[in-house]
$ cat structure13.pdb   # PDB, C-alpha atoms and all ligand atoms
ATOM      1  CA  MET U  20       1.928 -14.432  10.861
ATOM      2  CA  GLY U  21       1.066 -11.032   9.415
ATOM      3  CA  HIS U  22      -0.276 -11.378   5.881
ATOM      4  CA  THR U  23       1.709  -8.705   4.064
ATOM      5  CA  ILE U  24       0.135  -6.714   1.235
ATOM      6  CA  CYS U  25       2.136  -4.185  -0.739
ATOM      7  CA  ILE U  26       0.249  -1.404  -2.540
ATOM      8  CA  VAL U  27       1.998  -0.907  -5.871
ATOM      9  CA  SER U  28       1.597   1.065  -9.085
ATOM     10  CA  GLN U  29       4.116   2.433 -11.497
ATOM     11  CA  LYS U  30       1.779   5.384 -12.095
ATOM     12  CA  GLY U  31       1.653   8.270  -9.626
ATOM     13  CA  GLY U  32      -1.508   9.648  -8.058
ATOM     14  CA  VAL U  33      -3.691   6.567  -8.567
ATOM     15  CA  GLY U  34      -4.744   6.167  -4.918
ATOM     16  CA  LYS U  35      -1.973   3.978  -3.448
ATOM     17  CA  THR U  36      -1.582   5.990  -0.263
ATOM     18  CA  ILE U  37      -5.276   6.558   0.351
ATOM     19  CA  THR U  38      -5.832   2.827  -0.130
ATOM     20  CA  ALA U  39      -2.955   1.815   2.161
ATOM     21  CA  VAL U  40      -4.120   4.111   4.948
ATOM     22  CA  ASN U  41      -7.858   3.371   4.804
ATOM     23  CA  LEU U  42      -7.440  -0.363   4.229
ATOM     24  CA  ALA U  43      -5.022  -0.623   7.173
ATOM     25  CA  ALA U  44      -7.380   1.379   9.416
ATOM     26  CA  ALA U  45     -10.422  -0.656   8.314
ATOM     27  CA  LEU U  46      -8.623  -3.924   9.099
ATOM     28  CA  ALA U  47      -7.780  -2.556  12.559
ATOM     29  CA  ILE U  48     -11.434  -1.549  13.056
ATOM     30  CA  PHE U  49     -12.349  -5.175  12.277
ATOM     31  CA  GLY U  50     -10.151  -6.238  15.193
ATOM     32  CA  LYS U  51      -7.057  -7.224  13.228
ATOM     33  CA  ARG U  52      -3.649  -6.302  14.607
ATOM     34  CA  THR U  53      -2.391  -4.208  11.713
ATOM     35  CA  LEU U  54       0.923  -2.586  10.851
ATOM     36  CA  LEU U  55       1.096   0.179   8.228
ATOM     37  CA  ILE U  56       4.582   0.690   6.806
ATOM     38  CA  ASP U  57       5.307   3.840   4.832
ATOM     39  CA  CYS U  58       7.990   2.939   2.328
ATOM     40  CA  ASP U  59       7.541   6.138   0.332
ATOM     41  CA  PRO U  60      10.089   8.720   1.520
ATOM     42  CA  GLN U  61       7.523  11.431   0.671
ATOM     43  CA  GLY U  62       5.747  10.309   3.842
ATOM     44  CA  SER U  63       2.141  10.869   2.676
ATOM     45  CA  ALA U  64       0.816   7.778   4.480
ATOM     46  CA  THR U  65       2.651   8.855   7.635
ATOM     47  CA  ALA U  66       1.032  12.306   7.497
ATOM     48  CA  SER U  67      -2.384  10.806   6.675
ATOM     49  CA  VAL U  68      -2.436   8.980  10.012
ATOM     50  CA  GLY U  69      -1.475  12.166  11.844
ATOM     51  CA  ILE U  70       2.240  11.578  12.381
ATOM     52  CA  ASN U  71       3.931  14.849  11.512
ATOM     53  CA  ASP U  72       6.831  14.929  13.828
ATOM     54  CA  LYS U  73      10.107  14.652  11.857
ATOM     55  CA  LYS U  74      11.714  12.587  14.582
ATOM     56  CA  SER U  75       9.321   9.705  13.989
ATOM     57  CA  GLY U  76      11.020   8.744  10.709
ATOM     58  CA  GLN U  77      14.469   8.842  12.206
ATOM     59  CA  ALA U  78      14.168   5.452  13.904
ATOM     60  CA  PHE U  79      13.376   3.798  10.556
ATOM     61  CA  GLN U  80      16.214   5.665   8.926
ATOM     62  CA  ARG U  81      18.648   4.638  11.666
ATOM     63  CA  ALA U  82      17.488   1.056  11.328
ATOM     64  CA  LEU U  83      18.176   1.208   7.604
ATOM     65  CA  GLN U  84      21.625   2.657   8.089
ATOM     66  CA  GLU U  85      22.653   0.311  10.861
ATOM     67  CA  ILE U  86      20.665  -2.685   9.569
ATOM     68  CA  ASN U  87      19.305  -3.030  13.061
ATOM     69  CA  PHE U  88      15.626  -3.051  13.900
ATOM     70  CA  THR U  89      14.377  -2.164  17.352
ATOM     71  CA  ALA U  90      10.803  -1.903  18.594
ATOM     72  CA  GLU U  91      11.091   1.889  18.817
ATOM     73  CA  ILE U  92      10.642   2.004  15.061
ATOM     74  CA  ILE U  93       6.921   1.213  15.516
ATOM     75  CA  THR U  94       4.658   4.050  16.602
ATOM     76  CA  HIS U  95       1.036   4.281  17.760
ATOM     77  CA  SER U  96      -1.819   5.755  15.751
ATOM     78  CA  CYS U  97      -5.355   6.964  16.380
ATOM     79  CA  LEU U  98      -6.519   3.318  16.530
ATOM     80  CA  GLU U  99      -5.355   0.918  19.188
ATOM     81  CA  LEU U 100      -4.839  -1.980  16.805
ATOM     82  CA  LEU U 101      -3.171   0.078  14.074
ATOM     83  CA  LYS U 102       0.572   0.572  14.457
ATOM     84  CA  VAL U 103       2.745   2.489  12.013
ATOM     85  CA  ILE U 104       6.317   2.508  10.793
ATOM     86  CA  PRO U 105       6.622   6.116   9.557
ATOM     87  CA  ALA U 106       8.517   6.927   6.368
ATOM     88  CA  PRO U 107      12.271   7.265   6.674
ATOM     89  CA  SER U 108      13.716  10.692   5.925
ATOM     90  CA  GLU U 109      15.159  11.971   2.681
ATOM     91  CA  ILE U 110      18.339   9.901   2.639
ATOM     92  CA  LEU U 111      16.625   7.015   0.861
ATOM     93  CA  GLN U 112      15.621   9.167  -2.043
ATOM     94  CA  ASN U 113      19.260   9.042  -2.949
ATOM     95  CA  ASP U 114      19.925   5.614  -4.433
ATOM     96  CA  ALA U 115      23.669   6.051  -3.874
ATOM     97  CA  THR U 116      23.490   5.645  -0.087
ATOM     98  CA  PRO U 117      25.244   2.592   1.427
ATOM     99  CA  ILE U 118      21.933   0.995   2.356
ATOM    100  CA  SER U 119      20.935   0.826  -1.302
ATOM    101  CA  MET U 120      23.934  -1.277  -2.272
ATOM    102  CA  PRO U 121      23.225  -4.593  -4.030
ATOM    103  CA  GLY U 122      22.326  -7.295  -1.516
ATOM    104  CA  ASN U 123      20.384  -4.955   0.699
ATOM    105  CA  GLU U 124      17.106  -5.568  -1.123
ATOM    106  CA  LYS U 125      16.133  -8.000   1.615
ATOM    107  CA  PHE U 126      16.883  -5.809   4.595
ATOM    108  CA  LEU U 127      13.205  -5.034   5.311
ATOM    109  CA  HIS U 128      12.364  -8.729   5.083
ATOM    110  CA  THR U 129      15.102  -9.627   7.539
ATOM    111  CA  LEU U 130      14.280  -6.817   9.904
ATOM    112  CA  LEU U 131      10.527  -7.476   9.874
ATOM    113  CA  ALA U 132      11.016 -11.129  10.795
ATOM    114  CA  ARG U 133      11.048 -10.162  14.472
ATOM    115  CA  PHE U 134       7.677  -8.433  14.337
ATOM    116  CA  ARG U 135       5.690 -10.367  11.787
ATOM    117  CA  ALA U 136       4.053 -12.650  14.354
ATOM    118  CA  ASP U 137       2.757  -9.640  16.315
ATOM    119  CA  PHE U 138       0.432  -8.648  13.460
ATOM    120  CA  ASP U 139      -2.423 -10.177  11.501
ATOM    121  CA  TYR U 140      -1.953  -7.817   8.548
ATOM    122  CA  ILE U 141       0.917  -5.667   7.328
ATOM    123  CA  ILE U 142       0.070  -3.059   4.682
ATOM    124  CA  ILE U 143       2.920  -1.314   2.868
ATOM    125  CA  ASP U 144       2.602   1.929   0.907
ATOM    126  CA  THR U 145       5.188   2.494  -1.840
ATOM    127  CA  ALA U 146       6.195   5.314  -4.182
ATOM    128  CA  ALA U 147       5.250   5.256  -7.871
ATOM    129  CA  ALA U 148       8.524   3.526  -8.710
ATOM    130  CA  PRO U 149       8.317  -0.229  -8.059
ATOM    131  CA  ALA U 150      11.915  -0.732  -9.184
ATOM    132  CA  SER U 151      13.285   1.739  -6.624
ATOM    133  CA  PHE U 152      15.270   0.427  -3.696
ATOM    134  CA  MET U 153      12.566   0.953  -1.048
ATOM    135  CA  ALA U 154       9.793  -0.474  -3.212
ATOM    136  CA  ILE U 155      11.817  -3.580  -4.070
ATOM    137  CA  ASN U 156      12.391  -4.126  -0.362
ATOM    138  CA  ALA U 157       8.659  -3.765   0.238
ATOM    139  CA  ILE U 158       7.745  -6.156  -2.589
ATOM    140  CA  ILE U 159      10.274  -8.782  -1.513
ATOM    141  CA  THR U 160       8.836  -8.932   2.000
ATOM    142  CA  SER U 161       5.200  -9.088   0.834
ATOM    143  CA  ASP U 162       2.917 -12.066   0.311
ATOM    144  CA  SER U 163       0.868 -10.216  -2.263
ATOM    145  CA  VAL U 164       0.413  -6.969  -4.134
ATOM    146  CA  LEU U 165      -2.662  -4.807  -4.519
ATOM    147  CA  ILE U 166      -2.633  -2.640  -7.648
ATOM    148  CA  PRO U 167      -4.932   0.406  -7.815
ATOM    149  CA  LEU U 168      -6.368   1.008 -11.304
ATOM    150  CA  GLN U 169      -7.518   4.592 -11.541
ATOM    151  CA  CYS U 170     -10.636   5.035 -13.703
ATOM    152  CA  GLU U 171      -8.736   7.279 -16.091
ATOM    153  CA  LEU U 172      -7.386   7.192 -19.644
ATOM    154  CA  LEU U 173      -4.232   5.084 -20.053
ATOM    155  CA  ALA U 174      -5.101   3.112 -16.915
ATOM    156  CA  PHE U 175      -4.447  -0.236 -18.605
ATOM    157  CA  GLN U 176      -1.109   0.896 -19.964
ATOM    158  CA  ALA U 177      -0.070   1.752 -16.397
ATOM    159  CA  LEU U 178      -1.336  -1.636 -15.214
ATOM    160  CA  ARG U 179       0.627  -3.460 -17.917
ATOM    161  CA  ASN U 180       3.818  -1.564 -17.028
ATOM    162  CA  THR U 181       3.349  -2.285 -13.339
ATOM    163  CA  LEU U 182       2.742  -5.999 -13.955
ATOM    164  CA  ARG U 183       5.792  -6.209 -16.201
ATOM    165  CA  THR U 184       8.007  -4.715 -13.507
ATOM    166  CA  LEU U 185       6.487  -6.959 -10.825
ATOM    167  CA  ILE U 186       7.063 -10.090 -12.918
ATOM    168  CA  TYR U 187      10.682  -9.042 -13.437
ATOM    169  CA  ILE U 188      11.210  -8.526  -9.684
ATOM    170  CA  LYS U 189       9.370 -11.761  -8.851
ATOM    171  CA  ASN U 190      11.534 -13.825 -11.212
ATOM    172  CA  LYS U 191      14.787 -12.114 -10.304
ATOM    173  CA  HIS U 192      14.296 -12.675  -6.575
ATOM    174  CA  ARG U 193      12.396 -15.975  -6.920
ATOM    175  CA  LEU U 194       9.428 -14.741  -4.951
ATOM    176  CA  LYS U 195       6.122 -16.487  -4.290
ATOM    177  CA  LEU U 196       4.424 -13.111  -4.615
ATOM    178  CA  LYS U 197       0.687 -13.291  -5.420
ATOM    179  CA  LEU U 198      -1.709 -10.752  -6.849
ATOM    180  CA  GLU U 199      -4.122  -9.827  -4.046
ATOM    181  CA  GLY U 200      -6.175  -7.986  -6.613
ATOM    182  CA  VAL U 201      -6.629  -4.976  -8.870
ATOM    183  CA  LEU U 202      -8.688  -2.199  -7.281
ATOM    184  CA  LEU U 203     -10.687   0.278  -9.366
ATOM    185  CA  THR U 204     -10.254   3.732  -7.837
ATOM    186  CA  MET U 205     -11.691   7.239  -8.360
ATOM    187  CA  TYR U 206     -14.767   5.911 -10.149
ATOM    188  CA  ASP U 207     -17.194   8.621 -11.271
ATOM    189  CA  LYS U 208     -20.617   7.052 -11.758
ATOM    190  CA  GLY U 209     -22.071   7.940 -15.148
ATOM    191  CA  GLU U 210     -18.886   9.546 -16.407
ATOM    192  CA  ASP U 211     -17.885   8.135 -19.779
ATOM    193  CA  VAL U 212     -14.220   7.302 -19.121
ATOM    194  CA  SER U 213     -14.982   5.769 -15.722
ATOM    195  CA  GLU U 214     -17.711   3.544 -17.174
ATOM    196  CA  ARG U 215     -15.450   2.418 -20.037
ATOM    197  CA  ILE U 216     -12.597   1.509 -17.681
ATOM    198  CA  VAL U 217     -14.910  -0.443 -15.354
ATOM    199  CA  GLN U 218     -16.493  -2.315 -18.282
ATOM    200  CA  SER U 219     -13.125  -3.179 -19.823
ATOM    201  CA  ALA U 220     -11.709  -4.286 -16.491
ATOM    202  CA  ARG U 221     -14.750  -6.505 -15.823
ATOM    203  CA  LYS U 222     -14.475  -7.976 -19.300
ATOM    204  CA  HIS U 223     -10.743  -8.665 -19.365
ATOM    205  CA  ILE U 224      -9.525  -9.101 -15.775
ATOM    206  CA  ARG U 225     -12.689  -9.914 -13.828
ATOM    207  CA  HIS U 226     -11.086 -12.746 -11.860
ATOM    208  CA  ARG U 227      -8.238 -10.411 -10.769
ATOM    209  CA  LEU U 228     -10.519  -7.531  -9.847
ATOM    210  CA  PHE U 229     -11.875  -6.681  -6.404
ATOM    211  CA  LYS U 230     -15.678  -6.482  -6.456
ATOM    212  CA  THR U 231     -15.363  -3.277  -4.438
ATOM    213  CA  VAL U 232     -14.984  -0.130  -6.512
ATOM    214  CA  ILE U 233     -13.672   3.021  -4.817
ATOM    215  CA  PRO U 234     -15.737   6.075  -5.875
ATOM    216  CA  ARG U 235     -14.250   9.487  -6.491
ATOM    217  CA  SER U 236     -15.091  11.336  -3.297
ATOM    218  CA  VAL U 237     -14.315  14.809  -2.054
ATOM    219  CA  GLN U 238     -14.209  13.476   1.502
ATOM    220  CA  LEU U 239     -11.547  10.940   0.575
ATOM    221  CA  ARG U 240      -9.550  13.656  -1.168
ATOM    222  CA  GLU U 241      -9.736  15.953   1.830
ATOM    223  CA  SER U 242      -9.111  13.240   4.395
ATOM    224  CA  ALA U 243      -5.306  13.373   4.128
ATOM    225  CA  SER U 244      -5.331  16.791   5.747
ATOM    226  CA  PHE U 245      -7.328  15.561   8.782
ATOM    227  CA  GLY U 246      -4.484  13.321   9.916
ATOM    228  CA  ARG U 247      -7.062  10.565  10.368
ATOM    229  CA  PRO U 248      -8.124   8.022   7.744
ATOM    230  CA  LEU U 249     -11.669   8.637   6.462
ATOM    231  CA  VAL U 250     -12.798   5.258   7.841
ATOM    232  CA  VAL U 251     -12.034   6.721  11.291
ATOM    233  CA  GLN U 252     -13.062  10.310  10.620
ATOM    234  CA  ASN U 253     -16.407   9.611   8.944
ATOM    235  CA  ALA U 254     -17.105   5.895   8.731
ATOM    236  CA  GLY U 255     -20.575   6.413   7.268
ATOM    237  CA  SER U 256     -19.401   8.322   4.170
ATOM    238  CA  SER U 257     -19.484   6.506   0.848
ATOM    239  CA  GLY U 258     -15.682   6.721   0.452
ATOM    240  CA  ALA U 259     -15.097   5.187   3.877
ATOM    241  CA  GLN U 260     -17.736   2.520   3.291
ATOM    242  CA  SER U 261     -15.996   1.468   0.079
ATOM    243  CA  TYR U 262     -12.739   0.851   1.978
ATOM    244  CA  ILE U 263     -14.620  -1.014   4.720
ATOM    245  CA  GLN U 264     -16.054  -3.190   1.964
ATOM    246  CA  LEU U 265     -12.569  -3.748   0.533
ATOM    247  CA  ALA U 266     -11.300  -4.848   3.942
ATOM    248  CA  LYS U 267     -14.226  -7.286   4.217
ATOM    249  CA  GLU U 268     -13.386  -8.711   0.806
ATOM    250  CA  ILE U 269      -9.765  -9.231   1.791
ATOM    251  CA  LEU U 270     -10.738 -10.814   5.112
ATOM    252  CA  ALA U 271     -13.179 -13.155   3.361
ATOM    253  CA  LYS U 272     -10.535 -14.147   0.812
ATOM    254  CA  LYS U 273      -8.083 -15.108   3.544
ATOM    255  CA  LYS U 274     -10.714 -17.246   5.265
ATOM    256  CA  GLY U 275     -11.804 -18.940   2.048
TER     257      GLY U 275
HETATM  258  N1  LIG D 301     -11.280   7.984  -4.312
HETATM  259  C1  LIG D 301     -10.780   9.206  -4.380
HETATM  260  N2  LIG D 301     -11.580  10.283  -4.553
HETATM  261  C2  LIG D 301     -11.085  11.534  -4.636
HETATM  262  N3  LIG D 301      -9.786  11.833  -4.549
HETATM  263  C3  LIG D 301      -8.928  10.810  -4.374
HETATM  264  C4  LIG D 301      -9.368   9.450  -4.271
HETATM  265  N4  LIG D 301      -8.283   8.651  -4.103
HETATM  266  C5  LIG D 301      -7.221   9.477  -4.100
HETATM  267  N5  LIG D 301      -7.601  10.761  -4.255
HETATM  268  C6  LIG D 301      -6.731  11.949  -4.312
HETATM  269  O1  LIG D 301      -5.878  11.795  -5.439
HETATM  270  C7  LIG D 301      -4.558  12.173  -5.106
HETATM  271  C8  LIG D 301      -3.631  10.962  -5.251
HETATM  272  O2  LIG D 301      -4.005   9.977  -4.289
HETATM  273  P1  LIG D 301      -2.881   9.187  -3.497
HETATM  274  O3  LIG D 301      -1.938  10.131  -2.856
HETATM  275  O4  LIG D 301      -3.539   8.190  -2.627
HETATM  276  O5  LIG D 301      -2.179   8.481  -4.734
HETATM  277  P2  LIG D 301      -0.751   7.790  -4.813
HETATM  278  O6  LIG D 301      -0.881   6.732  -5.857
HETATM  279  O7  LIG D 301      -0.317   7.368  -3.463
HETATM  280  O8  LIG D 301       0.162   8.985  -5.324
HETATM  281  P3  LIG D 301       1.788   9.001  -5.377
HETATM  282  O9  LIG D 301       2.147   8.132  -6.540
HETATM  283  O10 LIG D 301       2.098  10.440  -5.593
HETATM  284  O11 LIG D 301       2.280   8.459  -4.070
HETATM  285  C9  LIG D 301      -4.606  12.704  -3.692
HETATM  286  O12 LIG D 301      -4.797  14.099  -3.748
HETATM  287  C10 LIG D 301      -5.823  12.030  -3.109
HETATM  288  O13 LIG D 301      -6.403  12.798  -2.081
HETATM  289 MG    MG D 302       1.418   7.832  -2.403
END
$ encode --input "structure13.pdb" --output "structure tokens"
Amino acid sequence: MGHTICIVSQKGGVGKTITAVNLAAALAIFGKRTLLIDCDPQGSATASVGINDKKSGQAFQRALQEINFTAEIITHSCLELLKVIPAPSEILQNDATPISMPGNEKFLHTLLARFRADFDYIIIDTAAAPASFMAINAIITSDSVLIPLQCELLAFQALRNTLRTLIYIKNKHRLKLKLEGVLLTMYDKGEDVSERIVQSARKHIRHRLFKTVIPRSVQLRESASFGRPLVVQNAGSSGAQSYIQLAKEILAKKKG
């Protein structure tokens, strides 16, 4: 059964999408059947794996409107073992659509039931709004959440807000949701703020923290425009290696 990890943060621009895309690709490189689901209507994860065609999101959107999931919703990517459900189109940005009525928070969970056994890992990217309709759907269907903690000022405030919202959703929907881990992102070695955030995180939440730290890297930043995750584009780069390390950590955790 696909272990489902949702990438969540209430703060925008902290590395959710880059993490979702590179982690999913790294897991596929390690031979795991992986599904990347883009639950952010902005579609950044979809574009980052080279799916630009507008039609690709229509199947997901139709599924949402008709509450009917067919295999056509899943598309191929640059890696054989990495499949993708591209972001639905704009309609879901409008919380007044019929699909976002109360009771529909579990539609993704219901619809995924048919496919879960076909994958070892399912990675879901979400928008910076964990209480939005799409994100709640993603959280409800996940076994765990991974929270990026950007090495930036106010990082812990963002983490606290995110955890508060997650606890609310977990209690409200009686979920078993676990914390996969907190991931330090955009770390600048030697830079004062970065060092302070890493030290504080290691002091206060060490047992919740991934050992892997994602460095700030120009190659990671530019990778979205290649339409291929950096772990595929340039596996030897330090940014790619950090995500390969993260995938190893997650694989080891599941075994242990
Ligand atoms: N490790 C990194 N090094 C350098 N740039 C990075 C790194 N991680 C992310 N970025 C850049 O920072 C920006 C935000 O990253 P990303 O889109 O992954 O964040 P996000 O949390 O998904 O944002 P949003 O909340 O808008 O969806 C992007 O321009 C991305 O290329
Ligand atoms: Mg994003």
$ resolve_selection --input "structure13.pdb" --expression "the PyMOL selection byres (((chain U and resi 25) around 9) and not hetatm)" --output "ChimeraX atom specification"
/U:23-24,26-27,39,141-145,154,157-158,160-166
$ resolve_selection --input "structure13.pdb" --expression "the PyMOL selection byres (((not hetatm)) within 7 of (chain D and resi 302))" --output "PyMOL selection string"
chain U and resi 32+34-36+59+63-64+144-146
$ write_last_selection --input "structure13.pdb" --atoms "C-alpha atoms" --output "compact mmCIF listing (two decimals), keeping the file's coordinate frame"
# COMPACT_ATOMS: atom_id res chain seq x y z
CA GLY U 32 -1.51 9.65 -8.06
CA GLY U 34 -4.74 6.17 -4.92
CA LYS U 35 -1.97 3.98 -3.45
CA THR U 36 -1.58 5.99 -0.26
CA ASP U 59 7.54 6.14 0.33
CA SER U 63 2.14 10.87 2.68
CA ALA U 64 0.82 7.78 4.48
CA ASP U 144 2.60 1.93 0.91
CA THR U 145 5.19 2.49 -1.84
CA ALA U 146 6.20 5.31 -4.18
$ atom_distance --input "structure13.pdb" --atom1 "atom O9 of ligand LIG 301 (chain D)" --atom2 "atom CA of Leu172 of chain U"
16.2 Å
$ resolve_selection --input "structure13.pdb" --expression "the PyMOL selection byres (((not hetatm)) within 9 of (chain D and resi 301))" --output "VMD selection string"
chain U and resid 26 to 40 59 61 to 64 144 to 148 167 169 204 to 207 233 to 244 258
$ write_last_selection --input "structure13.pdb" --atoms "C-alpha atoms" --output "PDB file, in the frame of the given file"
ATOM      1  CA  ILE U  26       0.249  -1.404  -2.540  1.00  0.00           C
ATOM      2  CA  VAL U  27       1.998  -0.907  -5.871  1.00  0.00           C
ATOM      3  CA  SER U  28       1.597   1.065  -9.085  1.00  0.00           C
ATOM      4  CA  GLN U  29       4.116   2.433 -11.497  1.00  0.00           C
ATOM      5  CA  LYS U  30       1.779   5.384 -12.095  1.00  0.00           C
ATOM      6  CA  GLY U  31       1.653   8.270  -9.626  1.00  0.00           C
ATOM      7  CA  GLY U  32      -1.508   9.648  -8.058  1.00  0.00           C
ATOM      8  CA  VAL U  33      -3.691   6.567  -8.567  1.00  0.00           C
ATOM      9  CA  GLY U  34      -4.744   6.167  -4.918  1.00  0.00           C
ATOM     10  CA  LYS U  35      -1.973   3.978  -3.448  1.00  0.00           C
ATOM     11  CA  THR U  36      -1.582   5.990  -0.263  1.00  0.00           C
ATOM     12  CA  ILE U  37      -5.276   6.558   0.351  1.00  0.00           C
ATOM     13  CA  THR U  38      -5.832   2.827  -0.130  1.00  0.00           C
ATOM     14  CA  ALA U  39      -2.955   1.815   2.161  1.00  0.00           C
ATOM     15  CA  VAL U  40      -4.120   4.111   4.948  1.00  0.00           C
ATOM     16  CA  ASP U  59       7.541   6.138   0.332  1.00  0.00           C
ATOM     17  CA  GLN U  61       7.523  11.431   0.671  1.00  0.00           C
ATOM     18  CA  GLY U  62       5.747  10.309   3.842  1.00  0.00           C
ATOM     19  CA  SER U  63       2.141  10.869   2.676  1.00  0.00           C
ATOM     20  CA  ALA U  64       0.816   7.778   4.480  1.00  0.00           C
ATOM     21  CA  ASP U 144       2.602   1.929   0.907  1.00  0.00           C
ATOM     22  CA  THR U 145       5.188   2.494  -1.840  1.00  0.00           C
ATOM     23  CA  ALA U 146       6.195   5.314  -4.182  1.00  0.00           C
ATOM     24  CA  ALA U 147       5.250   5.256  -7.871  1.00  0.00           C
ATOM     25  CA  ALA U 148       8.524   3.526  -8.710  1.00  0.00           C
ATOM     26  CA  PRO U 167      -4.932   0.406  -7.815  1.00  0.00           C
ATOM     27  CA  GLN U 169      -7.518   4.592 -11.541  1.00  0.00           C
ATOM     28  CA  THR U 204     -10.254   3.732  -7.837  1.00  0.00           C
ATOM     29  CA  MET U 205     -11.691   7.239  -8.360  1.00  0.00           C
ATOM     30  CA  TYR U 206     -14.767   5.911 -10.149  1.00  0.00           C
ATOM     31  CA  ASP U 207     -17.194   8.621 -11.271  1.00  0.00           C
ATOM     32  CA  ILE U 233     -13.672   3.021  -4.817  1.00  0.00           C
ATOM     33  CA  PRO U 234     -15.737   6.075  -5.875  1.00  0.00           C
ATOM     34  CA  ARG U 235     -14.250   9.487  -6.491  1.00  0.00           C
ATOM     35  CA  SER U 236     -15.091  11.336  -3.297  1.00  0.00           C
ATOM     36  CA  VAL U 237     -14.315  14.809  -2.054  1.00  0.00           C
ATOM     37  CA  GLN U 238     -14.209  13.476   1.502  1.00  0.00           C
ATOM     38  CA  LEU U 239     -11.547  10.940   0.575  1.00  0.00           C
ATOM     39  CA  ARG U 240      -9.550  13.656  -1.168  1.00  0.00           C
ATOM     40  CA  GLU U 241      -9.736  15.953   1.830  1.00  0.00           C
ATOM     41  CA  SER U 242      -9.111  13.240   4.395  1.00  0.00           C
ATOM     42  CA  ALA U 243      -5.306  13.373   4.128  1.00  0.00           C
ATOM     43  CA  SER U 244      -5.331  16.791   5.747  1.00  0.00           C
ATOM     44  CA  GLY U 258     -15.682   6.721   0.452  1.00  0.00           C
TER      45      GLY U 258
END
$ residues_near_point --input "structure13.pdb" --point "(-3.8, 14.7, 14.8)" --cutoff "8 Å" --atoms "all atoms listed in the file" --output "list in words"
Val68, Gly69, Ile70, Phe245, Gly246 and Arg247 of chain U
$ write_last_selection --input "structure13.pdb" --atoms "C-alpha atoms" --output "tab-separated table (two decimals), keeping the file's coordinate frame"
chain	number	residue	atom	x	y	z
U	68	VAL	CA	-2.44	8.98	10.01
U	69	GLY	CA	-1.48	12.17	11.84
U	70	ILE	CA	2.24	11.58	12.38
U	245	PHE	CA	-7.33	15.56	8.78
U	246	GLY	CA	-4.48	13.32	9.92
U	247	ARG	CA	-7.06	10.56	10.37
$ build_atoms --input "structure13.pdb" --residues "segment 65-69 of chain U" --atoms "all heavy atoms" --output "PDB file, in the coordinates of the input"
ATOM      1  N   THR U  65       2.293   8.462   6.256  1.00  0.00           N
ATOM      2  CA  THR U  65       2.651   8.855   7.635  1.00  0.00           C
ATOM      3  C   THR U  65       1.824  10.071   8.052  1.00  0.00           C
ATOM      4  O   THR U  65       1.223  10.089   9.126  1.00  0.00           O
ATOM      5  CB  THR U  65       4.159   9.205   7.695  1.00  0.00           C
ATOM      6  OG1 THR U  65       4.894   8.093   7.170  1.00  0.00           O
ATOM      7  CG2 THR U  65       4.614   9.493   9.101  1.00  0.00           C
ATOM      8  N   ALA U  66       1.789  11.081   7.182  1.00  0.00           N
ATOM      9  CA  ALA U  66       1.032  12.306   7.497  1.00  0.00           C
ATOM     10  C   ALA U  66      -0.469  12.014   7.567  1.00  0.00           C
ATOM     11  O   ALA U  66      -1.176  12.581   8.394  1.00  0.00           O
ATOM     12  CB  ALA U  66       1.311  13.370   6.447  1.00  0.00           C
ATOM     13  N   SER U  67      -0.939  11.098   6.718  1.00  0.00           N
ATOM     14  CA  SER U  67      -2.384  10.806   6.675  1.00  0.00           C
ATOM     15  C   SER U  67      -2.889  10.143   7.950  1.00  0.00           C
ATOM     16  O   SER U  67      -4.087  10.123   8.201  1.00  0.00           O
ATOM     17  CB  SER U  67      -2.716   9.885   5.496  1.00  0.00           C
ATOM     18  OG  SER U  67      -2.339  10.484   4.299  1.00  0.00           O
ATOM     19  N   VAL U  68      -1.986   9.544   8.724  1.00  0.00           N
ATOM     20  CA  VAL U  68      -2.436   8.980  10.012  1.00  0.00           C
ATOM     21  C   VAL U  68      -2.023   9.902  11.159  1.00  0.00           C
ATOM     22  O   VAL U  68      -1.979   9.500  12.319  1.00  0.00           O
ATOM     23  CB  VAL U  68      -1.940   7.526  10.242  1.00  0.00           C
ATOM     24  CG1 VAL U  68      -2.637   6.568   9.308  1.00  0.00           C
ATOM     25  CG2 VAL U  68      -0.434   7.405  10.095  1.00  0.00           C
ATOM     26  N   GLY U  69      -1.682  11.145  10.814  1.00  0.00           N
ATOM     27  CA  GLY U  69      -1.475  12.166  11.844  1.00  0.00           C
ATOM     28  C   GLY U  69      -0.097  12.188  12.476  1.00  0.00           C
ATOM     29  O   GLY U  69       0.102  12.805  13.522  1.00  0.00           O
TER      30      GLY U  69
END
